[in-house]
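These notes are about the structure you will find just below.
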Amino acid sequence: MAMSADYIRTSLQSLYGDTISAGDIRAWCAMNDSNYQTVTNKLAQYKVSRGSWNLTVREKMEQKYQSSPTIIPAQEQNLIPEKDDTFVKFGNFGDIRKIIQSSLFYPTFITGLSGNGKTFSVEQACAQLGRELIRVNITIETDEDDLIGGFRLVNGETVWHNGPVIEALERGAILLLDEIDLASNKILCLQSVLEGKGVFLKKIGKYVRPAAGFNVFATANTKGKGSDDGRFIGTNVLNEAFLERFPVTFEQSYPAPAVEQRILEGISLDLGIEDRDFCKRLVDWADIIRKTFFDGGIDEIISTRRLVHVIRAYSIFADKAKAIQVCVNRFDDETKQAFLELYDKVDVDFEMPSEEQQKQALDSHNFS
Ligand SMILES: Nc1ncnc2c1ncn2[C@@H]1O[C@H](COP(=O)(O)OP(=O)(O)O)[C@@H](O)[C@H]1O
Ligand SMILES: [Mg+2]
């Protein structure tokens, strides 16, 4: 008698549990007068590695497909971000947290220069409040299919796949549209979502309304009005009606020096280095650079993110000059030189790397 894969699986499961070995299958074959090869072929979809099968995995998937054949089931995993001990609250964080805590639908736009904790603050507010977060990194290519969803081919069948926006609507999660000013006009498919009405999935004839707690945050380097000075290459002018759907905008600036120092110290400790003095110097350095930048004396800026890169490089190379060097190499020669000279000013112990050393650092950097 030919036994179905399902029968074999259930039978094996009742005898040996969910995870079974080749030995279990051999024993079962002996009892059931079956061929080992035939049985393992039938169990191919449950195989996790050589000589090991897990009989639970597919079962769950199958049940889901049976109950809703045309829609891929929602992800079961927990989408609450993890708390990060190195996070230091500052600026708009308190307000962002309050908005999320209110559970009101209140689309919020956060604008500010790159690498100053916009994304991190939304993530950590959700972590602290135990709220689910779905983050979508927007690019010029992002379209309705990426956001709302579309049809996918699964096991030879066309099935509807919910995009992250639908997922967030149905779960009552926080939707983070990250770097939204990189979007094209295709983002306008979110208009009704931003009005709090949910969205009608015309391709499958289903209306998805927002579950309680659903809210939208958007981050951007600009205010969605483009950038004249060419500093934000790739940013686009967003549709005015689209921007009007955001009742509030927060302007995020770099943390104050004292706060930034606490951030760097926290990260240093996390990396097992204790060098408060270096953290202080780096913060002073970034502060001078930012002031010079706003006065028009320099074209580039050092972000909080880049300071964190320097601390990481320091934990790897145990060499301050090298850490700074490899982290500023990404800028053009003139800016790089200006940055190094400014560091020289805030740290008396610092020795400007010679041209030769600079070249070596650049080579080793490029190599890695
Ligand atoms: N409040 C903060 N506490 C600790 N680290 C921070 C904080 N803000 C920014 N950082 C550091 O800067 C990095 C960049 O922050 P991120 O939120 O990604 O910037 P962006 O504003 O570009 O979204 C983070 O990964 C983190 O290392
Ligand atoms: Mg970001």
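In the structure tokens, each chain is lettered A, B, ... as it comes, each chain's residues begin at 1, and ligands are numbered from 1 in order of appearance.
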Subject >> 9 Å shell around ligand 1 using only C-alpha atoms and all ligand atoms, listed as a PyMOL selection string >> reply: chain A and resi 84-91+93+110-124+178-179+219-221+252-255+259-260+262-264+266-267+303-309
**OP:** Would you mind listing what lies within 12 Å of Gly296 in chain A as a PyMOL selection string, with only C-alpha atoms counted and same-chain residues fewer than 6 positions away left out?
**Re:** chain A and resi 229+289-290
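Distances to ligand 2 were evaluated for A:Glu244, A:Asp347, A:Asp333, A:Asp181 using only C-alpha atoms and all ligand atoms, and the minimum falls at A:Asp181.
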**OP:** Give the alpha helix (DSSP H) residues of range 182-275 of chain A, as assigned by DSSP on the backbone, as a list of chain:residue names.
**Re:**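 Alpha helix (DSSP H) assignments inside range 182-275 of chain A correspond to A:Gln191, A:Ser192, A:Val193, A:Leu194, A:Glu240, A:Ala241, A:Phe242, A:Leu243, A:Glu244, A:Pro257, A:Ala258, A:Val259, A:Glu260, A:Gln261, A:Arg262, A:Ile263, A:Leu264, A:Glu265, A:Gly266, A:Ile267, A:Ser268, A:Leu269, A:Asp270.
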Written file, previous selection with N, CA and C atoms, as a short mmCIF file (atom, residue, chain, number, x, y, z; two decimals), in the first residue's frame:
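Dumped to part.cif:
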data_model
loop_
_atom_site.label_atom_id
_atom_site.label_comp_id
_atom_site.auth_asym_id
_atom_site.auth_seq_id
_atom_site.Cartn_x
_atom_site.Cartn_y
_atom_site.Cartn_z
N GLN A 191 -1.72 57.69 0.25
CA GLN A 191 -2.55 58.83 0.64
C GLN A 191 -3.70 58.44 1.58
N SER A 192 -4.45 57.43 1.21
CA SER A 192 -5.61 57.08 2.06
C SER A 192 -5.16 56.51 3.40
N VAL A 193 -4.01 55.84 3.40
CA VAL A 193 -3.47 55.30 4.65
C VAL A 193 -3.13 56.44 5.59
N LEU A 194 -2.57 57.52 5.02
CA LEU A 194 -2.18 58.67 5.83
C LEU A 194 -3.39 59.47 6.32
N GLU A 240 2.79 68.04 -2.35
CA GLU A 240 2.34 68.93 -1.27
C GLU A 240 1.17 68.33 -0.49
N ALA A 241 0.23 67.73 -1.21
CA ALA A 241 -0.93 67.13 -0.55
C ALA A 241 -0.50 65.97 0.35
N PHE A 242 0.55 65.30 -0.08
CA PHE A 242 1.08 64.18 0.70
C PHE A 242 1.65 64.71 2.02
N LEU A 243 2.47 65.76 1.92
CA LEU A 243 3.08 66.34 3.12
C LEU A 243 2.02 66.90 4.07
N GLU A 244 0.93 67.41 3.48
CA GLU A 244 -0.14 67.97 4.29
C GLU A 244 -0.83 66.93 5.17
N PRO A 257 26.48 68.62 23.07
CA PRO A 257 27.75 67.94 23.37
C PRO A 257 27.68 67.03 24.60
N ALA A 258 27.05 67.49 25.68
CA ALA A 258 27.00 66.65 26.89
C ALA A 258 26.27 65.34 26.61
N VAL A 259 25.19 65.43 25.83
CA VAL A 259 24.41 64.23 25.51
C VAL A 259 25.21 63.32 24.58
N GLU A 260 25.83 63.95 23.59
CA GLU A 260 26.59 63.15 22.63
C GLU A 260 27.74 62.43 23.35
N GLN A 261 28.31 63.10 24.34
CA GLN A 261 29.39 62.46 25.09
C GLN A 261 28.86 61.23 25.83
N ARG A 262 27.67 61.37 26.39
CA ARG A 262 27.09 60.21 27.08
C ARG A 262 26.83 59.06 26.10
N ILE A 263 26.40 59.42 24.90
CA ILE A 263 26.16 58.39 23.87
C ILE A 263 27.46 57.64 23.58
N LEU A 264 28.52 58.41 23.34
CA LEU A 264 29.80 57.77 22.98
C LEU A 264 30.36 56.96 24.14
N GLU A 265 30.21 57.48 25.36
CA GLU A 265 30.71 56.73 26.51
C GLU A 265 29.98 55.41 26.67
N GLY A 266 28.66 55.46 26.45
CA GLY A 266 27.87 54.23 26.54
C GLY A 266 28.32 53.20 25.53
N ILE A 267 28.58 53.67 24.31
CA ILE A 267 29.00 52.75 23.26
C ILE A 267 30.40 52.21 23.54
N SER A 268 31.27 53.07 24.07
CA SER A 268 32.64 52.63 24.42
C SER A 268 32.57 51.52 25.45
N LEU A 269 31.76 51.74 26.49
CA LEU A 269 31.66 50.72 27.54
C LEU A 269 31.12 49.42 26.96
N ASP A 270 30.15 49.57 26.06
CA ASP A 270 29.56 48.41 25.42
C ASP A 270 30.63 47.62 24.65
#
**OP:** Give the strand (DSSP E) residues of range 2-104 of chain A, as DSSP finds them on the backbone, and put them as a list in words.
**Re:**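 Output for range 2-104 of chain A, strand (DSSP E) only: Thr19, Ile20, Ser21, Lys47, Val48, Ser49, Ser52, Trp53 and Asn54 of chain A.
The spacing separating CA of Ala5 in chain A from CA of Ala30 in chain A amounts to 17.0 Å.
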Original post:
So which one's closest to Tyr46 in chain A, A:Ala127, A:Met31, A:Val136, A:Ile20? Using only C-alpha atoms, please.
Top reply: A:Ile20
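Each of A:Gly172, A:Arg152, A:Val310, A:Asn137 was compared to ligand 2 using only C-alpha atoms and all ligand atoms, and A:Asn137 turns out to be the nearest.
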Subject >> Option closest in space to ligand 2, from A:Ala321, A:Leu176, A:Leu169, A:Cys29 [counting only C-alpha atoms and all ligand atoms] >> reply: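 Selected residue with least distance to ligand 2: A:Leu176.
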Subject >> Selected residue, from A:Ile138, A:Asn41, A:Ile80, A:Trp160, that lies nearest to ligand 2 when counting only C-alpha atoms and all ligand atoms >> reply: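 The shortest atom-to-atom distance to ligand 2 comes from A:Ile138.
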Subject >> Nearest to Ser184 in chain A by atom-to-atom distance, counting only C-alpha atoms, from A:Asn162, A:Gln101, A:Thr235, A:Ser227 >> reply: A:Thr235
Subject >> Val216 in chain A environment, 7 Å, only C-alpha atoms, sequence neighbours closer than 2 positions dropped, as a ChimeraX atom specification >> reply: /A:107-108,174-176,218
**OP:** Show which residues sit within 12 Å of Ser102 in chain A, as a PyMOL selection string. Count only C-alpha atoms, and ignore same-chain residues fewer than 4 positions away.
**Re:** chain A and resi 95-98+106+129+131+212-215
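From CA of Ile100 in chain A back to CA of Val208 in chain A, the distance works out to 21.1 Å.
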